[in-house]
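Text of the file input.txt, holding compact mmCIF, C-alpha atoms and all ligand atoms:
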```txt
# COMPACT_ATOMS: atom_id res chain seq x y z
CA MET A 1 -5.21 8.98 -20.47
CA THR A 2 -2.46 9.09 -23.02
CA LEU A 3 0.80 10.84 -22.37
CA SER A 4 0.51 12.92 -25.49
CA ASN A 5 3.53 14.95 -26.61
CA SER A 6 5.36 14.22 -23.44
CA ILE A 7 7.17 11.38 -21.77
CA ALA A 8 5.60 8.67 -23.92
CA ASP A 9 6.81 10.50 -27.03
CA GLU A 10 10.25 11.31 -25.75
CA ARG A 11 10.92 8.02 -24.06
CA VAL A 12 11.04 4.77 -25.92
CA TRP A 13 10.05 1.62 -24.10
CA PRO A 14 12.52 -1.13 -24.91
CA GLU A 15 11.64 -3.91 -27.30
CA LEU A 16 9.83 -6.95 -25.88
CA GLY A 17 7.27 -4.85 -23.98
CA ALA A 18 6.29 -5.98 -20.51
CA CYS A 19 9.28 -8.26 -19.93
CA ARG A 20 11.65 -5.30 -20.28
CA VAL A 21 11.54 -2.31 -17.95
CA PRO A 22 13.56 0.83 -18.60
CA SER A 23 15.35 2.15 -15.53
CA TRP A 24 14.12 5.72 -16.10
CA VAL A 25 10.60 4.71 -14.97
CA TYR A 26 12.01 4.64 -11.45
CA THR A 27 13.92 7.91 -11.57
CA ASP A 28 11.99 10.45 -13.69
CA GLN A 29 10.26 13.03 -11.49
CA GLU A 30 7.92 14.25 -14.23
CA LEU A 31 6.76 10.70 -14.81
CA PHE A 32 6.24 10.35 -11.07
CA GLU A 33 3.88 13.38 -11.06
CA ARG A 34 1.92 11.87 -13.93
CA GLU A 35 1.64 8.55 -12.15
CA MET A 36 0.17 10.28 -9.12
CA GLU A 37 -2.41 12.08 -11.31
CA LYS A 38 -3.29 8.94 -13.20
CA PHE A 39 -3.34 6.45 -10.36
CA HIS A 40 -3.52 7.95 -6.87
CA TYR A 41 -5.68 10.96 -7.79
CA GLY A 42 -7.50 9.11 -10.57
CA LYS A 43 -10.24 6.51 -10.81
CA THR A 44 -8.84 4.24 -8.11
CA TRP A 45 -9.68 3.35 -4.53
CA ASN A 46 -6.82 4.11 -2.14
CA PHE A 47 -6.54 2.46 1.25
CA VAL A 48 -6.36 5.14 3.97
CA GLY A 49 -6.89 3.38 7.30
CA LEU A 50 -8.93 1.16 9.57
CA GLU A 51 -12.19 2.05 11.27
CA CYS A 52 -10.72 1.02 14.61
CA GLU A 53 -8.19 3.86 14.24
CA ILE A 54 -11.04 6.35 14.58
CA PRO A 55 -13.11 4.34 17.04
CA GLU A 56 -15.48 6.96 18.44
CA PRO A 57 -17.50 9.91 17.15
CA ASN A 58 -15.31 13.02 16.80
CA SER A 59 -12.08 11.07 16.34
CA TYR A 60 -9.66 11.64 13.48
CA ARG A 61 -6.35 10.41 12.15
CA ARG A 62 -3.97 11.58 9.45
CA SER A 63 -3.20 9.43 6.45
CA PHE A 64 -2.07 9.84 2.85
CA VAL A 65 -3.32 9.39 -0.68
CA GLY A 66 -0.12 9.33 -2.73
CA PRO A 67 2.02 12.18 -1.37
CA ARG A 68 -1.04 14.21 -0.28
CA SER A 69 -1.92 14.38 3.38
CA VAL A 70 -5.54 13.52 4.17
CA ILE A 71 -7.54 13.20 7.37
CA ILE A 72 -9.85 10.31 8.10
CA THR A 73 -12.58 11.39 10.48
CA ARG A 74 -15.64 10.05 12.23
CA ASP A 75 -18.20 12.79 12.71
CA GLU A 76 -20.60 13.25 15.59
CA GLN A 77 -23.12 10.93 13.94
CA GLY A 78 -20.48 8.22 13.49
CA GLU A 79 -20.11 8.66 9.72
CA VAL A 80 -16.62 8.22 8.25
CA HIS A 81 -15.14 10.94 5.99
CA VAL A 82 -11.85 11.47 4.21
CA VAL A 83 -10.83 15.09 3.57
CA GLU A 84 -7.65 16.72 2.34
CA ASN A 85 -5.42 18.04 5.07
CA ARG A 86 -5.06 21.37 3.29
CA CYS A 87 -6.68 24.55 4.50
CA ALA A 88 -8.94 26.17 1.93
CA HIS A 89 -7.50 29.58 2.92
CA ARG A 90 -3.76 29.47 2.26
CA GLY A 91 -2.98 25.80 2.13
CA ALA A 92 -1.57 25.13 5.58
CA PRO A 93 -2.11 21.65 6.95
CA VAL A 94 -5.16 21.87 9.19
CA CYS A 95 -4.33 18.81 11.29
CA TRP A 96 -0.84 18.60 12.75
CA LYS A 97 -1.48 15.72 15.13
CA GLN A 98 -1.24 12.11 13.97
CA SER A 99 -4.57 11.36 15.62
CA GLY A 100 -6.93 12.92 18.12
CA LYS A 101 -10.44 13.76 19.19
CA GLY A 102 -12.46 16.94 18.89
CA LYS A 103 -15.60 18.36 17.36
CA ASP A 104 -13.66 20.44 14.88
CA LEU A 105 -10.27 21.06 13.32
CA THR A 106 -8.69 24.50 13.52
CA CYS A 107 -5.97 25.57 11.14
CA PRO A 108 -3.14 27.09 13.15
CA TYR A 109 -2.27 29.76 10.56
CA HIS A 110 -5.36 32.03 10.71
CA GLU A 111 -7.63 29.78 12.75
CA TRP A 112 -10.23 28.89 10.18
CA THR A 113 -12.26 26.11 11.73
CA TYR A 114 -13.80 23.08 10.02
CA ASP A 115 -16.17 20.43 11.29
CA LEU A 116 -15.10 16.80 10.95
CA SER A 117 -16.89 16.37 7.65
CA GLY A 118 -14.76 19.20 6.23
CA ASN A 119 -17.29 22.07 6.23
CA LEU A 120 -15.93 25.51 7.03
CA GLN A 121 -17.51 26.67 10.28
CA GLY A 122 -15.61 29.72 11.41
CA VAL A 123 -13.44 32.51 9.97
CA PRO A 124 -11.90 34.93 12.47
CA PHE A 125 -12.78 38.57 11.66
CA LEU A 126 -15.30 37.47 9.08
CA ARG A 127 -17.02 40.85 9.50
CA GLY A 128 -13.74 42.65 10.12
CA ALA A 129 -12.92 45.01 12.96
CA LYS A 130 -14.78 48.28 12.66
CA PRO A 131 -14.32 50.34 10.58
CA HIS A 132 -12.48 47.73 8.53
CA PRO A 133 -14.77 45.49 6.51
CA GLY A 134 -13.43 41.95 6.85
CA MET A 135 -14.31 39.42 4.17
CA PRO A 136 -16.47 40.44 1.18
CA ARG A 137 -20.22 40.29 1.94
CA ASP A 138 -20.73 37.52 -0.60
CA PHE A 139 -18.04 35.26 0.89
CA ASN A 140 -19.82 31.97 1.35
CA LYS A 141 -18.38 29.53 3.86
CA ALA A 142 -20.09 26.67 2.04
CA ASP A 143 -17.74 27.27 -0.92
CA HIS A 144 -14.55 26.98 1.13
CA GLY A 145 -14.57 23.65 2.92
CA LEU A 146 -11.80 21.08 2.94
CA ARG A 147 -11.71 19.03 -0.23
CA LYS A 148 -13.79 15.91 0.33
CA LEU A 149 -12.82 12.57 -1.13
CA LYS A 150 -15.28 9.88 -2.04
CA THR A 151 -15.17 7.43 0.85
CA HIS A 152 -15.98 3.76 1.20
CA VAL A 153 -15.88 1.54 4.28
CA HIS A 154 -15.52 -2.20 3.80
CA ASN A 155 -15.55 -4.56 6.82
CA GLY A 156 -13.52 -2.15 8.94
CA THR A 157 -11.19 -0.91 6.18
CA ILE A 158 -11.46 2.66 4.84
CA TRP A 159 -10.85 3.60 1.20
CA ALA A 160 -10.87 6.95 -0.58
CA SER A 161 -10.98 8.18 -4.13
CA TYR A 162 -10.43 11.56 -5.75
CA SER A 163 -12.76 10.53 -8.56
CA GLU A 164 -16.52 10.79 -8.36
CA ASP A 165 -16.71 8.39 -11.31
CA VAL A 166 -14.64 5.60 -9.78
CA GLN A 167 -16.18 2.13 -10.05
CA PRO A 168 -17.94 0.75 -6.97
CA PHE A 169 -15.28 -0.61 -4.59
CA GLU A 170 -16.35 -4.24 -5.07
CA ASP A 171 -16.02 -3.91 -8.85
CA TYR A 172 -12.70 -2.08 -8.59
CA VAL A 173 -11.06 -4.85 -6.57
CA GLY A 174 -12.96 -7.68 -8.28
CA PRO A 175 -14.40 -10.87 -6.75
CA GLU A 176 -11.10 -12.72 -6.24
CA ILE A 177 -9.38 -9.92 -4.36
CA LEU A 178 -12.57 -9.30 -2.40
CA ARG A 179 -12.55 -12.95 -1.30
CA PHE A 180 -9.02 -12.55 0.09
CA ILE A 181 -9.77 -9.19 1.71
CA ASN A 182 -12.77 -10.79 3.39
CA ARG A 183 -10.65 -13.71 4.58
CA VAL A 184 -8.60 -11.33 6.74
CA PHE A 185 -11.35 -8.73 7.24
CA PRO A 186 -14.49 -10.87 7.61
CA GLY A 187 -16.25 -8.19 9.64
CA ARG A 188 -14.70 -9.30 12.94
CA GLU A 189 -13.80 -6.39 15.16
CA ILE A 190 -10.17 -5.44 14.59
CA ARG A 191 -7.68 -4.81 17.38
CA LEU A 192 -4.70 -2.61 16.60
CA LEU A 193 -1.40 -4.06 17.74
CA GLY A 194 1.01 -1.37 16.61
CA TYR A 195 2.66 0.68 13.92
CA SER A 196 6.04 1.18 12.40
CA ARG A 197 7.14 3.50 9.65
CA GLN A 198 10.20 3.64 7.49
CA HIS A 199 11.53 5.70 4.64
CA ILE A 200 12.97 3.78 1.73
CA PRO A 201 15.09 5.84 -0.67
CA GLY A 202 13.57 4.04 -3.65
CA ASN A 203 10.75 4.46 -6.15
CA TRP A 204 7.29 3.33 -5.01
CA LYS A 205 7.01 0.90 -7.95
CA LEU A 206 10.13 -0.93 -6.78
CA TYR A 207 8.41 -1.65 -3.50
CA PHE A 208 5.23 -2.57 -5.29
CA GLU A 209 7.15 -5.02 -7.44
CA ASN A 210 9.11 -6.42 -4.53
CA SER A 211 6.01 -7.53 -2.72
CA ARG A 212 4.63 -9.21 -5.84
CA ASP A 213 7.85 -11.05 -6.57
CA PRO A 214 7.81 -14.48 -4.89
CA TYR A 215 10.96 -15.48 -6.80
CA HIS A 216 13.16 -13.23 -4.64
CA ALA A 217 11.33 -14.19 -1.42
CA THR A 218 12.61 -17.74 -1.62
CA LEU A 219 16.22 -16.62 -2.16
CA LEU A 220 16.93 -13.26 -0.53
CA HIS A 221 15.11 -14.07 2.70
CA SER A 222 17.21 -16.86 4.15
CA PHE A 223 15.27 -16.72 7.41
CA PHE A 224 12.14 -17.69 5.50
CA THR A 225 13.77 -20.55 3.69
CA THR A 226 15.79 -21.83 6.63
CA PHE A 227 12.71 -22.19 8.80
CA GLY A 228 10.42 -23.39 6.05
CA LEU A 229 8.02 -20.45 6.20
CA TYR A 230 8.19 -19.63 2.54
CA ARG A 231 9.91 -21.99 0.24
CA ALA A 232 10.17 -22.49 -3.46
CA ASP A 233 9.16 -26.12 -3.03
CA ALA A 234 5.79 -25.24 -1.49
CA LYS A 235 2.67 -25.20 -3.66
CA PHE A 236 1.87 -21.64 -4.64
CA CYS A 237 -0.97 -19.81 -6.28
CA VAL A 238 0.39 -16.61 -7.85
CA THR A 239 -2.43 -14.80 -9.58
CA PRO A 240 -2.48 -11.54 -11.52
CA GLN A 241 -5.77 -9.65 -11.29
CA PRO A 242 -7.31 -6.81 -13.30
CA ASN A 243 -6.65 -3.15 -12.41
CA GLY A 244 -3.08 -3.85 -11.26
CA HIS A 245 -4.06 -6.04 -8.29
CA GLU A 246 -2.67 -9.47 -7.44
CA TYR A 247 -2.76 -12.15 -4.79
CA ILE A 248 -0.38 -14.91 -3.78
CA TYR A 249 -0.98 -17.76 -1.43
CA SER A 250 1.02 -20.79 -0.51
CA HIS A 251 0.37 -23.81 1.62
CA PHE A 252 2.14 -23.94 4.91
CA THR A 253 2.79 -27.43 6.23
CA SER A 254 5.44 -28.58 8.65
CA ASN A 255 7.16 -30.62 5.96
CA THR A 256 8.04 -27.50 3.96
CA ARG A 257 11.13 -27.52 6.16
CA GLU A 258 12.31 -30.57 4.28
CA ALA A 259 13.52 -29.28 0.95
CA SER A 260 13.99 -31.70 -1.89
CA ALA A 261 17.60 -32.20 -2.89
CA ASP A 262 17.06 -30.36 -6.18
CA MET A 263 15.56 -27.34 -4.50
CA ALA A 264 18.16 -27.27 -1.75
CA ALA A 265 20.91 -27.16 -4.37
CA GLU A 266 19.36 -23.99 -5.84
CA MET A 267 18.73 -22.33 -2.49
CA LYS A 268 22.22 -21.64 -1.26
CA ASN A 269 21.03 -19.70 1.76
CA ILE A 270 19.28 -22.64 3.40
CA LYS A 271 20.82 -23.50 6.73
CA SER A 272 18.72 -26.54 7.54
CA SER A 273 20.52 -27.33 10.75
CA PHE A 274 19.72 -23.93 12.29
CA THR A 275 17.23 -23.77 15.10
CA LEU A 276 15.87 -21.08 17.42
CA GLU A 277 15.56 -20.91 21.18
CA ASP A 278 11.88 -20.15 20.68
CA MET A 279 10.51 -21.89 17.61
CA SER A 280 7.01 -20.40 18.11
CA VAL A 281 8.28 -17.40 16.11
CA VAL A 282 8.30 -19.68 13.09
CA THR A 283 5.50 -22.05 14.04
CA PRO A 284 2.18 -20.51 13.09
CA VAL A 285 -1.20 -21.71 14.27
CA ASP A 286 -3.57 -22.44 11.37
CA GLU A 287 -6.17 -19.93 12.55
CA PHE A 288 -8.02 -19.65 9.22
CA LYS A 289 -8.29 -23.46 8.98
CA ASP A 290 -7.09 -23.50 5.39
CA GLY A 291 -3.35 -24.01 5.86
CA LEU A 292 -2.56 -20.91 3.80
CA ILE A 293 -0.17 -18.01 3.93
CA SER A 294 -1.68 -15.23 1.86
CA SER A 295 -0.87 -11.77 0.61
CA LEU A 296 -2.57 -9.42 -1.77
CA GLN A 297 -2.04 -6.03 -3.30
CA VAL A 298 -4.79 -3.58 -4.01
CA PHE A 299 -3.30 -1.18 -6.49
CA PRO A 300 -2.01 1.49 -5.99
CA SER A 301 -1.72 1.76 -2.23
CA ILE A 302 -1.72 -1.33 -0.07
CA PHE A 303 -0.22 -4.73 0.52
CA ILE A 304 -2.30 -6.86 2.90
CA GLN A 305 -0.34 -9.68 4.45
CA GLN A 306 -1.21 -12.75 6.50
CA HIS A 307 1.97 -14.60 7.16
CA GLY A 308 1.33 -17.27 9.73
CA ASN A 309 -0.31 -15.28 12.48
CA ILE A 310 1.15 -11.95 11.45
CA LEU A 311 -1.60 -9.70 10.13
CA ALA A 312 -0.01 -6.61 8.67
CA LEU A 313 -0.80 -3.79 6.28
CA ARG A 314 1.95 -2.19 4.31
CA HIS A 315 0.74 1.20 3.20
CA ILE A 316 2.92 2.27 0.29
CA LEU A 317 3.27 6.07 0.29
CA PRO A 318 5.12 7.54 -2.68
CA LYS A 319 6.96 10.76 -1.81
CA SER A 320 9.00 11.44 -4.93
CA ALA A 321 10.51 9.47 -7.80
CA GLY A 322 13.32 8.45 -5.47
CA GLY A 323 11.58 8.07 -2.11
CA THR A 324 8.81 6.01 -0.56
CA GLU A 325 7.45 5.84 2.93
CA LEU A 326 6.22 2.51 4.15
CA ALA A 327 3.67 2.67 6.95
CA TRP A 328 3.10 -0.68 8.66
CA THR A 329 -0.01 -1.43 10.70
CA TYR A 330 -0.09 -4.64 12.76
CA PHE A 331 -3.43 -5.94 13.91
CA GLY A 332 -5.40 -8.87 15.25
CA TYR A 333 -8.99 -9.36 16.30
CA ALA A 334 -10.76 -8.00 19.36
CA ASP A 335 -11.77 -11.54 20.33
CA ASP A 336 -8.23 -12.98 20.08
CA THR A 337 -7.07 -14.87 23.15
CA GLU A 338 -4.15 -13.34 25.02
CA GLU A 339 -2.07 -16.25 23.75
CA MET A 340 -2.90 -15.45 20.14
CA LYS A 341 -2.15 -11.77 20.68
CA GLN A 342 1.28 -12.68 22.08
CA LEU A 343 1.91 -15.03 19.15
CA ARG A 344 1.08 -12.28 16.67
CA LEU A 345 3.43 -9.88 18.44
CA LYS A 346 6.22 -12.43 18.58
CA GLN A 347 5.90 -13.45 14.92
CA GLY A 348 5.71 -9.74 14.10
CA ASN A 349 9.46 -9.70 14.58
CA LEU A 350 9.76 -11.17 11.10
CA VAL A 351 8.40 -8.05 9.43
CA GLY A 352 8.68 -4.27 9.69
CA PRO A 353 11.72 -2.03 9.17
CA ALA A 354 14.05 -4.27 11.21
CA GLY A 355 12.18 -7.55 10.65
CA TYR A 356 14.09 -10.81 10.30
CA VAL A 357 12.93 -10.96 6.69
CA SER A 358 11.65 -7.51 5.71
CA LEU A 359 14.88 -5.72 6.52
CA GLU A 360 16.55 -7.13 3.43
CA ASP A 361 13.89 -5.75 1.08
CA SER A 362 14.42 -2.13 2.02
CA GLU A 363 18.18 -2.50 1.83
CA VAL A 364 18.08 -4.17 -1.59
CA LEU A 365 15.66 -1.55 -2.95
CA THR A 366 17.81 1.28 -1.60
CA GLN A 367 20.79 -0.12 -3.47
CA VAL A 368 18.78 -0.85 -6.63
CA GLN A 369 17.52 2.76 -6.73
CA ARG A 370 21.10 4.00 -6.48
CA THR A 371 22.28 1.93 -9.40
CA LEU A 372 19.24 2.81 -11.54
CA THR A 373 19.71 6.52 -10.84
CA SER A 374 23.28 6.28 -12.01
CA ALA A 375 22.26 4.41 -15.17
CA PRO A 376 18.72 5.48 -16.23
CA ASP A 377 19.20 4.21 -19.78
CA THR A 378 19.68 0.62 -18.71
CA VAL A 379 16.98 -2.03 -18.93
CA GLN A 380 15.61 -4.66 -16.51
CA VAL A 381 14.90 -8.23 -17.58
CA ILE A 382 11.74 -9.96 -16.38
CA GLU A 383 11.61 -13.35 -18.08
CA MET A 384 11.30 -15.95 -15.31
CA GLY A 385 8.40 -18.24 -16.15
CA GLY A 386 8.26 -17.16 -19.79
CA ARG A 387 8.61 -13.92 -21.73
CA ASP A 388 4.95 -13.72 -22.73
CA ASN A 389 3.55 -15.55 -19.76
CA PHE A 390 0.96 -13.50 -17.88
CA GLU A 391 -0.89 -16.51 -16.50
CA PRO A 392 -1.35 -17.56 -12.89
CA SER A 393 1.45 -19.74 -11.59
CA GLU A 394 1.63 -22.69 -9.21
CA THR A 395 5.24 -22.03 -8.38
CA ALA A 396 7.01 -19.12 -6.73
CA ILE A 397 9.67 -19.34 -9.43
CA THR A 398 7.90 -16.87 -11.65
CA GLU A 399 7.79 -13.18 -12.55
CA THR A 400 4.29 -13.34 -13.98
CA LEU A 401 3.02 -10.70 -11.54
CA LEU A 402 5.73 -8.27 -12.59
CA ARG A 403 4.99 -8.71 -16.28
CA SER A 404 1.27 -8.32 -15.57
CA PHE A 405 1.95 -5.13 -13.68
CA TRP A 406 4.04 -3.66 -16.47
CA LYS A 407 1.47 -4.64 -19.07
CA PHE A 408 -1.18 -2.80 -17.05
CA TYR A 409 1.11 0.17 -16.39
CA ARG A 410 2.14 0.58 -20.03
CA SER A 411 -1.45 0.53 -21.13
CA GLU A 412 -2.65 2.99 -18.45
CA MET A 413 0.25 5.38 -18.89
CA GLY A 414 0.06 5.44 -22.69
CA PHE A 415 3.34 3.64 -23.32
CA ASP A 416 1.69 0.89 -25.33
CA GLY A 417 2.41 2.49 -28.67
CA ALA A 418 5.94 3.38 -27.69
CA VAL A 419 7.53 0.00 -28.30
CA ALA A 420 10.54 0.48 -30.52
S1 LIG A 501 -4.03 28.95 6.00
FE1 LIG A 501 -5.50 28.03 7.27
S2 LIG A 501 -6.47 29.67 8.18
FE2 LIG A 501 -5.08 30.59 6.85
FE FE A 502 11.03 -9.51 0.19
```
Would you encode the structure as structure tokens?
Amino acid sequence: MTLSNSIADERVWPELGACRVPSWVYTDQELFEREMEKFHYGKTWNFVGLECEIPEPNSYRRSFVGPRSVIITRDEQGEVHVVENRCAHRGAPVCWKQSGKGKDLTCPYHEWTYDLSGNLQGVPFLRGAKPHPGMPRDFNKADHGLRKLKTHVHNGTIWASYSEDVQPFEDYVGPEILRFINRVFPGREIRLLGYSRQHIPGNWKLYFENSRDPYHATLLHSFFTTFGLYRADAKFCVTPQPNGHEYIYSHFTSNTREASADMAAEMKNIKSSFTLEDMSVVTPVDEFKDGLISSLQVFPSIFIQQHGNILALRHILPKSAGGTELAWTYFGYADDTEEMKQLRLKQGNLVGPAGYVSLEDSEVLTQVQRTLTSAPDTVQVIEMGGRDNFEPSETAITETLLRSFWKFYRSEMGFDGAVA
């Protein structure tokens, strides 16, 4: 799609392309609507939930694709569906509960009833109340179901697309991302450990960028650096992927607590002498037997994180140009020992809305959005690692994933020809 005669024409992307980002991309509501059409309602696969959240036939749970409410359901036969949570009659949300069980869903407004695959089953007063006629004789219930999204289930994860022409899921994510999804979701039964949700008064792309920006993670998050969980002196693999995806992994070893003198001089927040009463919070067990900490983003909806023994999903839910909801899901495996479950819960204190490290992200992004809103004609600089460098990196001191994202974004949104 090209943004003909609209934003792309009116707005001029700054010189230097992907290593410059104009602040108005985070604040313009019309651009936001176009992003939703292009990405979230376009030819993409959006994460919507886990199979274990709808464990039995006739269970359902609400989720989102972009700002639109959807329902993930498991019908009587056990098949998974994703339907819009929007009544075909007058648009009321059909499902008002976060999750539940039942053979059908009844809209509270005029009580139209749908089965769990979204087919309209019942319309009160379909034949009227004599002598009044009710609905027209040719009203066909089959034409008025809930809107059904294309649905794909992969090793316990559920994905949805508004496009019938979207690539197969495996092609959309690509082999590298699939390898990292399968590392965390190998087909083992998943056990839910909990949820948290937070509203960040910032643009969804800011959050997307934040979690693909290892440069900040080694500096802003002093808890990480102090306890050696994520340090600039570790060996990293920071890898842009097609379709806006990326993955990062780094090697965790106990000696990452010992920063070289050069590194320590750059990392002013390191407090090497600090210790904790309970060091197990920062002492992961190498459960995947590869010594890695890994994270990946599947554009446009999800950040999948394995940090030590924390397994967490960050579902990025855009609400408006200036607001994003972040829905966290914490999980482990059904065959985890009780000890491992407790370790996951304990380490989970690092992340989430009030996490020892994640708290700073939402605060920084809140403040960034404020300053950008007050100065939409300003420009961001993304040059760490090289202005034209879009290559994978072995260090966290890089912004290659941000440049790669903006290169992808500019091309998809039709801004490519708009370089001054
Ligand atoms: S809006 Fe749902 S039944 Fe009328
Ligand atoms: Fe961060």
Selection as a list of chain:residue names: residues within 10 Å of ligand FE 502 (chain A) by only C-alpha atoms and all ligand atoms: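 Residues lying within 10 Å of ligand FE 502 (chain A): A:Tyr207, A:Glu209, A:Asn210, A:Ser211, A:Arg212, A:Asp213, A:Pro214, A:Tyr215, A:His216, A:Ala217, A:Thr218, A:Leu219, A:Leu220, A:His221, A:Phe224, A:Val351, A:Val357, A:Ser358, A:Leu359, A:Glu360, A:Asp361, A:Ser362, A:Val364, A:Leu365.
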Distance of atom CA of Gln29 of chain A from atom CA of Cys95 of chain A, expressed in Å to one decimal place: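 We find that atom CA of Cys95 of chain A and atom CA of Gln29 of chain A lie 27.7 Å from each other.
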Nearby polymer residues, ligand LIG 501 (chain A), at most 9 Å, all atoms listed in the file, as a PyMOL selection string: chain A and resi 86-94+106-113+123-124
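Pairwise distance (atom CA of Val282 of chain A, atom CA of Pro353 of chain A) equals 18.4 Å.
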Distance in Å - atom CA of Ile293 of chain A versus atom CA of His307 of chain A: 5.2 Å
Would you give the centre and edge lengths, in Å to one decimal, of a box along x, y and z around the listed atoms of segment 189-196 of chain A, with 4 Å added to each side, as lines of an AutoDock Vina configuration file?
```
center_x = -3.9
center_y = -2.6
center_z = 15.1
size_x = 27.8
size_y = 15.6
size_z = 13.3
```
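Nearest to Gly66 of chain A of all the residues A:Phe185, A:Tyr333, A:Trp204, A:Phe252 is A:Trp204, counting all atoms listed in the file.
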Residues within 10 Å of segment 165-168 of chain A, all atoms listed in the file, excluding chain neighbours under 2 positions, as a ChimeraX atom specification: /A:42-45,150,152,161-163,170-174
Cut-off 10 Å around (-1.6, -8.4, 8.8) with all atoms listed in the file: residues as a list in words: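 Within 10 Å of (-1.6, -8.4, 8.8), the protein and nucleic acid residues are Val184, Phe185, Leu193, Ser294, Ser295, Phe303, Ile304, Gln305, Gln306, His307, Gly308, Asn309, Ile310, Leu311, Ala312, Leu313, Arg314, Trp328, Thr329, Tyr330, Phe331, Gly332, Arg344 and Gly348 of chain A.
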Using only C-alpha atoms: which of A:His144, A:Lys38, A:Lys97, A:Arg387 has the shortest distance to Ser59 of chain A: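 Of A:His144, A:Lys38, A:Lys97, A:Arg387, the one nearest Ser59 of chain A, counting only C-alpha atoms, is A:Lys97.
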Cut-off 8 Å around (5.7, -21.2, 1.0) with all atoms listed in the file: residues as number ranges by chain: A: 228-236, 249-252, 256, 293
Nearest to Arg197 of chain A by atom-to-atom distance, counting all atoms listed in the file, from A:Thr324, A:Thr395, A:Asn349, A:Thr225: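 Of A:Thr324, A:Thr395, A:Asn349, A:Thr225, the one nearest Arg197 of chain A, counting all atoms listed in the file, is A:Thr324.
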Spatial neighbours of Val298 of chain A, 8 Å, only C-alpha atoms, chain gap at least 4 places, as a list in words: Val173, Ile177, Gly244, His245, Glu246, Ile302 and Phe303 of chain A
Could you turn the residues from that selection into a file that holds C-alpha atoms, as an mmCIF file, in the frame of the given file?
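Written file, out.cif:
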```
data_model
loop_
_atom_site.group_PDB
_atom_site.id
_atom_site.type_symbol
_atom_site.label_atom_id
_atom_site.label_comp_id
_atom_site.auth_asym_id
_atom_site.auth_seq_id
_atom_site.Cartn_x
_atom_site.Cartn_y
_atom_site.Cartn_z
ATOM 1 C CA VAL A 173 -11.060 -4.850 -6.570
ATOM 2 C CA ILE A 177 -9.380 -9.920 -4.360
ATOM 3 C CA GLY A 244 -3.080 -3.850 -11.260
ATOM 4 C CA HIS A 245 -4.060 -6.040 -8.290
ATOM 5 C CA GLU A 246 -2.670 -9.470 -7.440
ATOM 6 C CA ILE A 302 -1.720 -1.330 -0.070
ATOM 7 C CA PHE A 303 -0.220 -4.730 0.520
#
```
From A:Gln347, A:His40, A:Asn389, A:Lys205, residue lying nearest Asp278 of chain A [all atoms listed in the file]: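 Looking only at the distances to Asp278 of chain A, the closest residue turns out to be A:Gln347.
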Shortest interatomic distance to Gly386 of chain A - which of A:Tyr356, A:Arg127, A:Ala18, A:Gln369, counting only C-alpha atoms: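 Under the stated criterion, the closest residue is A:Ala18.
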Proximity to Met340 of chain A - best of A:Gly145, A:Gly385, A:Pro284, A:Gly355, all atoms listed in the file: A:Pro284
Long-range neighbours of Arg62 of chain A as number ranges by chain, 6 Å cut-off, all atoms listed in the file, 3 positions minimum in chain: A: 70-71, 98
Surrounding residues of segment 391-393 of chain A excluding itself and chain neighbours under 3 positions, 8 Å, only C-alpha atoms, as a list of chain:residue names: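 Listing them by chain and then by number gives A:Phe236, A:Cys237, A:Val238, A:Thr239, A:Pro240, A:Ala396, A:Thr398, A:Thr400.
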Keeping only C-alpha atoms, write the selected residues to a file as a PDB file, keeping the file's coordinate frame.
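Output contents, as saved in again-v9.pdb:
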```
ATOM      1  CA  PHE A 236       1.870 -21.640  -4.640  1.00  0.00           C
ATOM      2  CA  CYS A 237      -0.970 -19.810  -6.280  1.00  0.00           C
ATOM      3  CA  VAL A 238       0.390 -16.610  -7.850  1.00  0.00           C
ATOM      4  CA  THR A 239      -2.430 -14.800  -9.580  1.00  0.00           C
ATOM      5  CA  PRO A 240      -2.480 -11.540 -11.520  1.00  0.00           C
ATOM      6  CA  ALA A 396       7.010 -19.120  -6.730  1.00  0.00           C
ATOM      7  CA  THR A 398       7.900 -16.870 -11.650  1.00  0.00           C
ATOM      8  CA  THR A 400       4.290 -13.340 -13.980  1.00  0.00           C
TER       9      THR A 400
END
```
